[in-house]
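Participant: Below is the file start_4.txt, with compact mmCIF, C-alpha atoms.
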# COMPACT_ATOMS: atom_id res chain seq x y z
CA MET A 1 0.00 0.00 0.00
CA ARG A 2 1.54 3.27 -1.11
CA ARG A 3 1.11 5.91 1.60
CA GLU A 4 2.27 8.69 -0.73
CA VAL A 5 -0.75 8.16 -2.99
CA PHE A 6 -3.03 8.52 0.00
CA GLU A 7 -1.29 11.67 1.18
CA ALA A 8 -1.15 13.23 -2.28
CA HIS A 9 -4.80 12.78 -3.15
CA TYR A 10 -6.58 12.63 0.19
CA ASP A 11 -7.68 16.28 0.21
CA ALA A 12 -8.93 16.19 -3.39
CA VAL A 13 -10.98 13.05 -2.87
CA TYR A 14 -12.27 14.30 0.48
CA LYS A 15 -13.35 17.64 -0.98
CA TYR A 16 -15.02 16.02 -3.95
CA ILE A 17 -17.08 13.56 -1.89
CA ARG A 18 -17.79 16.08 0.85
CA TYR A 19 -19.18 18.71 -1.51
CA LEU A 20 -21.27 16.13 -3.33
CA THR A 21 -22.73 14.37 -0.29
CA ASN A 22 -22.86 17.17 2.30
CA ASP A 23 -22.30 14.57 5.04
CA THR A 24 -19.05 14.22 7.01
CA ASP A 25 -19.47 10.62 8.21
CA LEU A 26 -20.60 9.43 4.80
CA THR A 27 -17.61 11.22 3.25
CA HIS A 28 -15.15 9.30 5.44
CA ASP A 29 -16.90 5.99 4.68
CA LEU A 30 -16.91 6.56 0.93
CA LEU A 31 -13.38 7.91 0.99
CA GLN A 32 -12.12 4.76 2.69
CA GLU A 33 -13.99 2.62 0.18
CA THR A 34 -12.53 4.70 -2.69
CA PHE A 35 -8.93 4.20 -1.57
CA TYR A 36 -9.59 0.56 -0.71
CA ARG A 37 -10.83 -0.14 -4.23
CA PHE A 38 -8.02 1.92 -5.72
CA TYR A 39 -5.36 -0.05 -3.83
CA GLN A 40 -6.98 -3.33 -4.77
CA LYS A 41 -6.69 -2.45 -8.46
CA ASN A 42 -3.22 -1.04 -7.93
CA TYR A 43 -3.37 1.71 -10.57
CA THR A 44 0.00 3.28 -11.31
CA GLU A 45 -0.93 6.19 -13.56
CA HIS A 46 -3.66 8.86 -13.71
CA GLU A 47 -4.11 8.12 -10.03
CA ARG A 48 -6.27 11.09 -9.14
CA THR A 49 -8.50 10.62 -12.16
CA TYR A 50 -9.16 7.01 -11.19
CA LEU A 51 -9.70 7.94 -7.57
CA LEU A 52 -12.28 10.57 -8.48
CA LYS A 53 -13.97 8.21 -10.91
CA ILE A 54 -14.26 5.56 -8.18
CA ALA A 55 -15.49 8.17 -5.70
CA ARG A 56 -18.12 9.42 -8.13
CA ASN A 57 -19.40 5.89 -8.79
CA LEU A 58 -19.61 5.22 -5.07
CA VAL A 59 -21.54 8.44 -4.42
CA TYR A 60 -23.93 7.63 -7.25
CA ASP A 61 -24.35 4.04 -6.02
CA HIS A 62 -25.05 5.29 -2.51
CA PHE A 63 -27.81 7.64 -3.56
CA ARG A 64 -29.23 5.22 -6.09
CA ARG A 65 -29.54 2.62 -3.33
CA LYS A 66 -31.07 5.19 -1.04
CA LYS A 67 -33.58 6.02 -3.75
CA ILE A 68 -34.58 2.35 -4.10
CA ILE A 69 -34.88 1.83 -0.35
CA GLY A 70 -36.67 5.07 0.40
CA PHE A 71 -39.98 4.23 -1.23
CA PHE A 72 -41.60 7.25 0.31
CA GLN A 73 -38.61 9.52 0.05
CA LEU A 74 -39.58 12.53 -2.06
CA LYS A 75 -36.13 14.00 -2.38
CA THR A 76 -33.40 11.63 -3.49
CA GLU A 77 -30.51 14.03 -3.85
CA PRO A 78 -28.56 15.11 -0.76
CA VAL A 79 -30.60 17.64 1.15
CA ALA A 80 -29.19 21.17 1.19
CA VAL A 81 -28.78 21.50 4.92
CA GLY A 82 -25.70 21.72 7.08
CA ASP A 83 -23.12 24.34 7.64
CA LEU A 84 -19.88 24.95 5.82
CA PRO A 85 -17.73 21.83 6.25
CA GLU A 86 -15.46 22.09 9.28
CA ALA A 87 -12.46 21.32 7.07
CA VAL A 88 -12.80 24.51 4.96
CA VAL A 89 -10.02 26.87 5.98
CA GLU A 90 -11.51 30.21 4.90
CA ARG A 91 -14.61 30.53 7.01
CA ASN A 92 -16.76 33.59 6.52
CA ALA A 93 -20.39 34.48 5.87
CA GLU A 94 -19.80 34.75 2.16
CA ASN A 95 -18.43 31.23 1.93
CA GLU A 96 -21.28 29.91 4.07
CA LYS A 97 -23.72 31.41 1.59
CA LEU A 98 -21.77 30.08 -1.37
CA TYR A 99 -21.62 26.57 0.08
CA ASP A 100 -25.33 26.68 0.81
CA ALA A 101 -26.03 27.74 -2.78
CA LEU A 102 -23.74 25.00 -4.10
CA GLN A 103 -25.76 22.41 -2.21
CA GLN A 104 -28.97 23.69 -3.76
CA ILE A 105 -28.05 23.49 -7.44
CA LYS A 106 -28.70 20.34 -9.49
CA TRP A 107 -26.37 17.49 -8.81
CA ASN A 108 -24.91 17.22 -12.31
CA TYR A 109 -24.15 20.95 -12.23
CA ARG A 110 -22.66 20.67 -8.76
CA GLU A 111 -20.19 17.92 -9.65
CA VAL A 112 -18.97 19.86 -12.69
CA ILE A 113 -18.57 23.06 -10.65
CA VAL A 114 -16.68 21.18 -7.93
CA LEU A 115 -14.34 19.56 -10.44
CA ARG A 116 -13.79 22.67 -12.53
CA TYR A 117 -13.44 25.41 -9.90
CA ILE A 118 -12.64 23.68 -6.62
CA GLU A 119 -10.53 20.79 -7.87
CA GLU A 120 -9.35 22.97 -10.77
CA TYR A 121 -9.54 20.44 -13.55
CA SER A 122 -9.61 21.38 -17.21
CA VAL A 123 -12.69 20.73 -19.33
CA LYS A 124 -10.96 17.72 -20.90
CA GLU A 125 -9.98 16.18 -17.56
CA THR A 126 -13.43 16.80 -16.12
CA ALA A 127 -15.02 15.10 -19.12
CA MET A 128 -12.70 12.13 -18.58
CA ILE A 129 -13.61 11.80 -14.89
CA LEU A 130 -17.33 12.13 -15.57
CA SER A 131 -17.15 9.94 -18.69
CA CYS A 132 -19.03 12.47 -20.79
CA SER A 133 -18.32 14.85 -23.67
CA GLU A 134 -16.46 18.14 -23.28
CA VAL A 135 -19.51 19.96 -24.68
CA LYS A 136 -21.62 18.59 -21.89
CA VAL A 137 -19.06 19.70 -19.32
CA LYS A 138 -19.05 23.22 -20.79
CA ASN A 139 -22.86 23.39 -20.86
CA ASN A 140 -23.24 22.10 -17.31
CA THR A 141 -20.56 24.49 -16.09
CA ALA A 142 -22.34 27.49 -17.63
CA ARG A 143 -25.74 26.36 -16.29
CA GLY A 144 -24.29 25.61 -12.88
CA LEU A 145 -22.68 29.03 -12.62
CA LYS A 146 -25.91 30.67 -13.74
CA ALA A 147 -27.88 28.77 -11.11
CA LEU A 148 -25.33 29.73 -8.45
CA ARG A 149 -25.46 33.37 -9.49
CA GLU A 150 -29.24 33.41 -9.22
CA LEU A 151 -29.17 31.82 -5.80
CA LEU A 152 -26.56 34.28 -4.60
CA GLY A 153 -28.70 37.19 -5.80
CA GLY A 154 -26.31 38.31 -8.56
CA GLU A 155 -27.30 39.47 -12.03
CA ASP A 156 -27.89 36.84 -14.67
CA ASP A 157 -25.26 37.87 -17.19
CA VAL A 158 -24.20 34.51 -18.61
CA MET B 159 -16.43 35.64 -13.16
CA PHE B 160 -17.04 36.61 -9.58
CA GLU B 161 -18.47 33.17 -8.61
CA GLU B 162 -15.39 31.36 -9.94
CA GLU B 163 -13.14 33.41 -7.68
CA LYS B 164 -15.38 32.86 -4.73
CA LEU B 165 -15.52 29.12 -5.43
CA SER B 166 -11.75 28.91 -5.34
CA GLN B 167 -11.96 29.94 -1.67
CA LEU B 168 -13.67 26.63 -0.93
CA LYS B 169 -10.74 24.64 -2.26
CA LYS B 170 -8.51 25.21 0.73
CA ILE B 171 -9.39 22.56 3.27
CA GLN B 172 -7.65 21.13 6.31
CA VAL B 173 -8.97 17.77 7.43
CA ASP B 174 -8.37 16.85 11.06
CA PRO B 175 -5.07 14.88 11.02
CA GLU B 176 -6.50 12.35 13.47
CA LYS B 177 -9.39 11.63 11.14
CA ARG B 178 -6.99 11.35 8.22
CA GLU B 179 -4.83 8.87 10.14
CA GLU B 180 -7.93 6.94 11.16
CA ASP B 181 -9.02 6.72 7.53
CA PHE B 182 -5.59 5.45 6.51
CA ASN B 183 -5.52 2.87 9.30
CA LYS B 184 -8.95 1.58 8.42
CA ILE B 185 -8.01 1.21 4.75
CA GLN B 186 -4.79 -0.54 5.69
CA GLN B 187 -6.65 -2.82 8.07
CA ARG B 188 -9.15 -3.76 5.36
CA LEU B 189 -6.38 -4.40 2.84
CA ASN B 190 -4.54 -6.59 5.31
CA THR B 191 -7.62 -8.62 6.12
CA LYS B 192 -7.73 -11.76 4.12
CA PRO B 193 -10.93 -11.64 2.06
CA SER B 194 -13.31 -14.28 3.28
CA ASN B 195 -14.19 -16.82 0.66
CA TRP B 196 -17.91 -16.91 1.33
CA GLN B 197 -19.00 -18.59 -1.90
CA ILE B 198 -18.08 -22.14 -0.82
CA PRO B 199 -19.86 -21.99 2.58
CA ALA B 200 -22.83 -20.33 0.85
CA VAL B 201 -23.08 -23.20 -1.64
CA ILE B 202 -22.71 -25.79 1.15
CA ILE B 203 -25.46 -24.14 3.23
CA ALA B 204 -27.71 -23.85 0.17
CA ILE B 205 -27.25 -27.57 -0.61
CA ALA B 206 -27.89 -28.42 3.06
CA CYS B 207 -31.10 -26.32 2.98
CA ILE B 208 -32.37 -28.06 -0.14
CA THR B 209 -31.47 -31.52 1.21
CA LEU B 210 -33.13 -30.88 4.57
CA PHE B 211 -36.21 -29.48 2.86
CA LEU B 212 -36.44 -32.47 0.52
CA VAL B 213 -35.96 -34.96 3.36
CA GLY B 214 -38.62 -33.13 5.35
CA THR B 215 -41.16 -33.20 2.55
CA PHE B 216 -40.31 -36.53 0.87
CA PRO B 217 -43.26 -38.92 1.07
CA GLN B 218 -42.52 -42.13 2.96
CA LYS B 219 -42.85 -45.48 1.33
CA GLN B 220 -46.30 -46.70 2.14
CA GLN B 221 -47.66 -50.16 1.63
CA THR B 222 -51.18 -50.64 2.85
CA THR B 223 -51.92 -53.69 4.93
CA SER B 224 -54.49 -56.28 4.20
CA ASP B 225 -57.76 -56.34 6.11
CA ASP B 226 -56.24 -58.66 8.68
CA PRO B 227 -54.23 -56.47 11.00
CA ASP B 228 -52.46 -59.26 12.87
CA ILE B 229 -50.71 -60.70 9.86
CA SER B 230 -47.29 -59.52 10.96
CA ALA B 231 -45.63 -58.36 14.18
CA LEU B 232 -45.91 -54.69 15.04
CA GLN B 233 -42.65 -52.80 14.71
CA ALA B 234 -43.49 -49.19 15.57
CA VAL B 235 -46.43 -46.97 16.36
CA TYR B 236 -46.48 -43.23 15.65
CA TYR B 237 -49.36 -41.17 16.93
CA MET B 238 -50.53 -37.60 17.18
CA ASP B 239 -53.52 -35.61 18.33
CA TRP B 240 -56.22 -34.80 15.80
CA GLU B 241 -56.20 -35.62 12.11
CA GLY B 242 -52.90 -36.06 10.31
CA ASP B 243 -50.27 -38.44 9.04
CA PRO B 244 -47.70 -39.12 11.76
CA LYS B 245 -44.59 -40.37 10.00
CA SER B 246 -41.71 -39.41 12.21
CA THR B 247 -41.00 -37.90 15.61
CA LEU B 248 -39.20 -35.11 13.75
CA GLN B 249 -42.66 -33.80 12.86
CA ALA B 250 -44.22 -31.41 15.35
CA GLY B 251 -46.70 -33.11 17.68
CA VAL B 252 -45.81 -36.68 16.64
CA LYS B 253 -44.89 -39.24 19.30
CA LYS B 254 -43.58 -42.76 18.99
CA VAL B 255 -44.30 -45.72 21.21
CA LYS B 256 -41.06 -46.55 23.00
CA ASN B 257 -41.96 -49.62 25.03
CA GLU B 258 -41.94 -53.19 23.73
CA GLU B 259 -44.65 -53.90 26.25
CA THR B 260 -46.88 -51.18 24.78
CA LEU B 261 -46.36 -52.60 21.29
CA LYS B 262 -47.48 -56.01 22.49
CA ALA B 263 -50.52 -54.48 24.19
CA VAL B 264 -51.39 -52.60 20.98
CA GLU B 265 -50.99 -55.85 19.01
CA THR B 266 -53.40 -57.59 21.37
CA LEU B 267 -55.83 -54.72 21.06
CA LEU B 268 -55.68 -54.82 17.25
CA GLU B 269 -56.85 -58.45 17.42
CA GLN B 270 -59.90 -57.27 19.31
CA LEU B 271 -60.96 -54.77 16.63
CA GLN B 272 -64.43 -55.60 15.39
CA LYS B 273 -65.47 -54.69 11.88
CA THR B 274 -68.49 -52.45 11.73
CA ASP B 275 -70.67 -50.73 9.16
CA ILE B 276 -71.70 -47.90 11.44
CA PHE B 277 -71.06 -44.64 9.64
CA ILE B 278 -70.45 -41.47 11.57
CA GLU B 279 -70.63 -38.37 9.42
CA GLU B 280 -67.71 -35.96 9.85
CA PRO B 281 -66.46 -37.38 13.14
CA TYR B 282 -64.15 -35.42 15.43
CA ILE B 283 -60.83 -37.19 15.02
CA ASP B 284 -59.30 -37.59 18.44
CA LYS B 285 -56.02 -39.22 17.42
CA SER B 286 -54.25 -40.47 14.31
CA TYR B 287 -51.98 -43.52 14.33
CA ARG B 288 -49.45 -45.01 11.98
CA LEU B 289 -48.71 -48.67 12.67
CA GLN B 290 -45.62 -50.10 11.03
CA PHE B 291 -45.27 -53.86 10.77
CA GLU B 292 -42.14 -55.94 10.33
CA ASP B 293 -43.03 -56.82 6.74
CA ASN B 294 -42.80 -53.08 5.93
CA THR B 295 -46.55 -52.71 5.65
CA VAL B 296 -48.24 -49.72 7.20
CA MET B 297 -51.67 -49.22 8.69
CA ARG B 298 -53.06 -45.78 9.29
CA LEU B 299 -55.87 -45.48 11.77
CA GLN B 300 -58.02 -42.60 12.91
CA GLU B 301 -59.61 -42.78 16.34
CA PHE B 302 -62.92 -41.11 17.15
CA HIS B 303 -65.48 -41.60 19.85
CA GLY B 304 -69.07 -42.66 19.48
CA SER B 305 -71.76 -42.84 22.14
CA GLU B 306 -71.14 -46.47 23.06
CA ALA B 307 -67.78 -47.39 21.60
CA THR B 308 -64.59 -46.01 20.17
CA TYR B 309 -64.39 -46.20 16.41
CA TYR B 310 -61.35 -46.61 14.16
CA ARG B 311 -61.10 -45.96 10.48
CA ASP B 312 -58.40 -47.54 8.34
CA ILE B 313 -57.32 -44.76 5.96
CA GLY B 314 -55.89 -47.24 3.42
CA THR B 315 -58.93 -49.49 3.02
CA GLY B 316 -61.71 -47.28 4.39
CA GLN B 317 -62.79 -50.13 6.71
CA ARG B 318 -64.30 -49.15 10.07
CA TYR B 319 -63.69 -50.94 13.32
CA LEU B 320 -64.99 -50.53 16.82
CA LEU B 321 -63.67 -51.27 20.27
CA LYS B 322 -65.69 -51.43 23.43
CA ASP B 323 -64.31 -50.77 26.93
CA GLN B 324 -60.76 -50.16 25.73
CA THR B 325 -59.10 -47.67 23.42
CA LEU B 326 -55.77 -47.53 21.67
CA ARG B 327 -55.13 -44.20 23.31
CA GLY B 328 -55.86 -45.63 26.78
CA ILE B 329 -53.54 -48.59 26.22
CA ILE B 330 -50.67 -46.36 25.09
CA GLU B 331 -51.16 -43.95 27.99
CA LEU B 332 -51.25 -46.85 30.41
CA HIS B 333 -48.09 -48.57 29.25
CA GLU B 334 -45.92 -45.71 28.06
CA PRO B 335 -43.58 -44.12 30.60
CA ALA B 336 -44.02 -40.43 31.36
CA ASP B 337 -42.09 -38.11 29.07
CA SER B 338 -38.52 -37.62 30.20
CA ASN B 339 -37.52 -34.19 31.52
CA ILE B 340 -34.03 -34.47 30.04
CA PRO B 341 -34.83 -32.75 26.67
CA SER B 342 -36.48 -29.85 28.55
CA ILE B 343 -33.49 -29.49 30.89
CA ILE B 344 -31.03 -29.62 27.97
CA SER B 345 -33.10 -26.99 26.12
CA ILE B 346 -33.10 -24.65 29.12
CA VAL B 347 -29.32 -25.07 29.59
CA VAL B 348 -28.67 -24.40 25.88
CA PHE B 349 -31.00 -21.40 26.03
CA ILE B 350 -29.05 -19.92 28.95
CA LEU B 351 -25.76 -20.56 27.14
CA LEU B 352 -27.17 -18.81 24.07
CA ILE B 353 -28.13 -15.79 26.20
CA PHE B 354 -24.53 -15.58 27.45
CA ALA B 355 -23.17 -16.01 23.92
CA MET B 356 -25.50 -13.29 22.60
CA ASN B 357 -24.38 -10.91 25.37
CA ARG B 358 -20.75 -11.54 24.48
CA VAL B 359 -21.42 -10.93 20.78
CA SER B 360 -23.36 -7.74 21.59
CA LYS B 361 -20.36 -6.44 23.53
CA LYS B 362 -18.10 -7.09 20.55
CA LEU B 363 -20.53 -5.30 18.25
CA ARG B 364 -20.72 -2.10 20.29
CA ASP B 365 -18.56 0.75 19.14
CA PRO B 366 -15.89 1.28 21.86
CA GLU B 367 -15.61 4.95 20.90
CA ASP B 368 -19.31 5.57 21.40
CA PRO B 369 -19.76 7.00 24.93
CA LYS B 370 -23.25 5.50 25.20
CA ARG B 371 -22.01 2.12 23.92
CA HIS B 372 -25.00 2.03 21.63
CA LEU B 373 -25.64 -1.34 19.93
CA PRO B 374 -26.01 -0.86 16.15
CA ALA B 375 -29.20 -2.64 15.07
CA HIS B 376 -27.97 -3.69 11.64
CA SER B 377 -25.41 -3.02 8.93
CA THR B 378 -28.10 -2.48 6.34
CA TYR B 379 -31.80 -1.81 6.69
CA TRP B 380 -32.54 -5.03 4.75
CA GLN B 381 -31.13 -7.20 7.54
CA SER B 382 -33.87 -5.98 9.87
CA VAL B 383 -36.44 -6.55 7.13
CA VAL B 384 -35.24 -10.17 6.78
CA GLU B 385 -35.37 -10.65 10.57
CA ILE B 386 -38.95 -9.33 10.81
CA PHE B 387 -39.98 -11.48 7.84
CA THR B 388 -38.35 -14.55 9.46
CA PHE B 389 -40.24 -13.89 12.69
CA LEU B 390 -43.57 -13.58 10.87
CA ILE B 391 -42.98 -16.82 8.94
CA LEU B 392 -42.11 -18.61 12.20
CA VAL B 393 -45.39 -17.40 13.70
CA LEU B 394 -47.10 -18.97 10.68
CA PHE B 395 -45.08 -22.17 11.18
CA VAL B 396 -46.63 -22.61 14.64
CA SER B 397 -50.01 -23.00 13.00
CA VAL B 398 -48.79 -25.41 10.29
CA PRO B 399 -49.69 -28.97 11.36
CA GLN B 400 -46.88 -31.55 11.56
CA ILE B 401 -44.16 -29.22 10.36
CA HIS B 402 -40.94 -31.19 9.93
CA LEU B 403 -37.92 -30.19 12.01
CA PHE B 404 -35.75 -30.26 8.87
CA GLN B 405 -38.06 -27.78 7.12
CA LEU B 406 -37.71 -25.46 10.10
CA ILE B 407 -33.91 -25.82 10.13
CA ALA B 408 -33.73 -25.28 6.35
CA PHE B 409 -35.80 -22.09 6.63
CA LEU B 410 -33.68 -20.73 9.50
CA LEU B 411 -30.46 -21.63 7.65
CA LEU B 412 -31.73 -19.80 4.59
CA SER B 413 -32.66 -16.74 6.64
CA ALA B 414 -29.22 -16.73 8.32
CA LEU B 415 -27.53 -17.17 4.94
CA ILE B 416 -29.35 -14.18 3.43
CA ASN B 417 -28.42 -11.97 6.38
CA ILE B 418 -24.80 -13.16 6.34
CA LEU B 419 -24.56 -12.41 2.62
CA LEU B 420 -25.99 -8.93 3.28
CA GLU B 421 -23.36 -8.51 5.99
CA VAL B 422 -20.59 -9.59 3.61
CA LYS B 423 -21.81 -6.96 1.15
CA TYR B 424 -22.49 -4.06 3.50
CA GLY B 425 -20.85 -4.47 6.89
CA LYS B 426 -18.16 -7.17 6.88
CA LYS B 427 -18.44 -7.55 10.65
CA LYS B 428 -17.65 -11.10 11.72
CA TRP B 429 -19.42 -10.71 15.06
CA ARG B 430 -22.62 -9.61 13.31
CA MET B 431 -22.54 -12.88 11.33
CA VAL B 432 -22.11 -14.81 14.59
CA GLN B 433 -25.04 -12.82 15.98
CA PHE B 434 -27.26 -14.01 13.11
CA ILE B 435 -26.31 -17.65 13.71
CA ILE B 436 -26.98 -17.38 17.46
CA GLY B 437 -30.25 -15.56 16.72
CA LYS B 438 -31.39 -18.43 14.50
CA LEU B 439 -30.43 -20.97 17.18
CA TYR B 440 -32.61 -18.96 19.58
CA PHE B 441 -35.51 -19.17 17.18
CA LEU B 442 -34.91 -22.90 16.62
CA LEU B 443 -34.87 -23.61 20.34
CA ILE B 444 -38.00 -21.55 21.00
CA MET B 445 -39.84 -23.28 18.14
CA TYR B 446 -38.63 -26.67 19.35
CA GLY B 447 -39.87 -25.84 22.83
CA ILE B 448 -43.28 -24.74 21.54
CA LEU B 449 -43.87 -27.51 19.02
CA TRP B 450 -41.97 -30.55 20.26
CA LEU B 451 -41.64 -30.33 24.05
Go through the file and emit its structure as structure tokens.

Facilitator:
Amino acid sequence: MRREVFEAHYDAVYKYIRYLTNDTDLTHDLLQETFYRFYQKNYTEHERTYLLKIARNLVYDHFRRKKIIGFFQLKTEPVAVGDLPEAVVERNAENEKLYDALQQIKWNYREVIVLRYIEEYSVKETAMILSCSEVKVKNNTARGLKALRELLGGEDDV
Amino acid sequence: MFEEEKLSQLKKIQVDPEKREEDFNKIQQRLNTKPSNWQIPAVIIAIACITLFLVGTFPQKQQTTSDDPDISALQAVYYMDWEGDPKSTLQAGVKKVKNEETLKAVETLLEQLQKTDIFIEEPYIDKSYRLQFEDNTVMRLQEFHGSEATYYRDIGTGQRYLLKDQTLRGIIELHEPADSNIPSIISIVVFILLIFAMNRVSKKLRDPEDPKRHLPAHSTYWQSVVEIFTFLILVLFVSVPQIHLFQLIAFLLLSALINILLEVKYGKKKWRMVQFIIGKLYFLLIMYGILWL
């Protein structure tokens, strides 16, 4: 087991799962599962890409299962409640509001926004992680930003 | 572009180093654990379930006797209350004559059976008997009471007999020894041992870091669903006449297997698997106590 891989990508995987699930305990569980599966396969290149792909599949599986089990559950996506994650270093009212808005936008917009602006991936890399076209990434990014802007009370100029 | 700049503020995170270390240790621990090869035990248990179920439901070889019941020596007598087909003591409510002396008394009584044409419409069956003779023939009798005599109906031939003054039931009760207390005592001892074992398993399952030492109910919601379903089926089993012990064991094995497979998929806690096995033994013992003792 290579510790350096864990150290190098821990924050990225944590952030990605945490912003998608909005649940600290679930984040740690899925993060452990992500690294466990990664180490089992023993990937040696594009490590972060594979890690994020595994993490994304796990998050999707989790909520898909929850959707099947919760027969009477009206909302299947993570509920937009909870404060700014304790791990975020810059804590201020503006970031609280931004995080809250991020949790309220559609899930497919949210994951693109997280990958593009928080994980700082290029359009091409994001498309690779999400297994979709670059056009779709660009569209979802623009729509996600627009939705965020509306929620934050800014002008719709996109 | 204001949102993009603001979003970049969320990228700086600092996860608690203790949590990070804990995550690493848990991953390492899981990687170092030898994966349990559950497929082989699962197949073995599945085969055992099917075999037990088939044995429990397989019809016994039955050769009806001739009209003359004393043609061969009596080998065994199975009996039960009410209407039914007592084949084995593994069936709920079925008893077997243990004494040689009782068998001889039953043989003598069979010679005293008088053929009759009296027809009683829809009689209340008091007891059902299965008489096995040494030549492998079988006679199935139903006992019911009339106003002046006790009547017997041979299921195989439809012939009716009557007995005055004596009854098969009376003869068996007279000659058979009282039921031994040993099975009840053994059941109580095993039950107490199971309570201790369950307590021990519960301790292992509690999270040591939880200040309230709360016992997690399940690893996945479906395990509780399976447990509730098992309980409801067992309640139904109590009302099923002559349920075979092997059918009960097969059902409990199947229920334990499903829950263990769910545990392998969702929780991977060995002690939870042990808990399911002990839980099923509990159920088995309780059902045995209700239906057999």

Participant: Around (-20.1, -9.1, 16.9), as given in the file, which residues come within 9 Å? Count all atoms listed in the file and list them as a PyMOL selection string.

Facilitator: chain B and resi 356+358-364+427-433

Participant: Have a look at A:Arg37, A:Lys146, A:His9, A:Arg18 and name the one nearest to Gln103 of chain A; count only C-alpha atoms.

Facilitator: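 The answer is A:Arg18, which sits nearest to Gln103 of chain A.
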
Participant: At most 8 Å is the cut-off: for each residue in chain B with any atom that close to an atom of chain A, write down the nearest atom pair and the distance in Å rounded to one decimal, counting only C-alpha atoms, chain first then increasing number, as a tab-separated table.

Facilitator:
residue	atom	partner	partner_atom	distance
B:Glu161	CA	A:Arg149	CA	7.0
B:Glu162	CA	A:Tyr117	CA	6.3
B:Lys164	CA	A:Asn95	CA	7.5
B:Leu165	CA	A:Tyr117	CA	6.2
B:Ser166	CA	A:Ile118	CA	5.5
B:Gln167	CA	A:Glu90	CA	6.6
B:Leu168	CA	A:Val88	CA	6.3
B:Lys169	CA	A:Ile118	CA	4.9
B:Lys170	CA	A:Val89	CA	5.7
B:Ile171	CA	A:Val88	CA	4.3
B:Gln172	CA	A:Ala87	CA	4.9
B:Val173	CA	A:Ala87	CA	5.0
B:Asp174	CA	A:Ala87	CA	7.3
B:Asp181	CA	A:Gln32	CA	6.1
B:Phe182	CA	A:Gln32	CA	7.6
B:Lys184	CA	A:Gln32	CA	7.3
B:Ile185	CA	A:Tyr36	CA	5.7
B:Gln186	CA	A:Met1	CA	7.5
B:Arg188	CA	A:Tyr36	CA	7.5
B:Leu189	CA	A:Tyr36	CA	6.9

Participant: Name all residues at most 12 Å from Ile435 of chain B (count all atoms listed in the file; drop same-chain ones fewer than 3 positions away) and give them as a list in words.

Facilitator: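 Near neighbours after the sequence-gap exclusion: Leu352, Ala355, Met356, Val359, Glu385, Ile407, Leu410, Leu411, Leu412, Ser413, Ala414, Leu415, Ile416, Asn417, Ile418, Lys428, Trp429, Arg430, Met431, Val432, Lys438, Leu439, Tyr440, Phe441 and Leu442 of chain B.
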
Participant: Would you compute the distance between atom CA of Val59 of chain A and atom CA of Trp107 of chain A? Give it in Å to one decimal.

Facilitator: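 One can read the atom CA of Val59 of chain A to atom CA of Trp107 of chain A distance as 11.2 Å.
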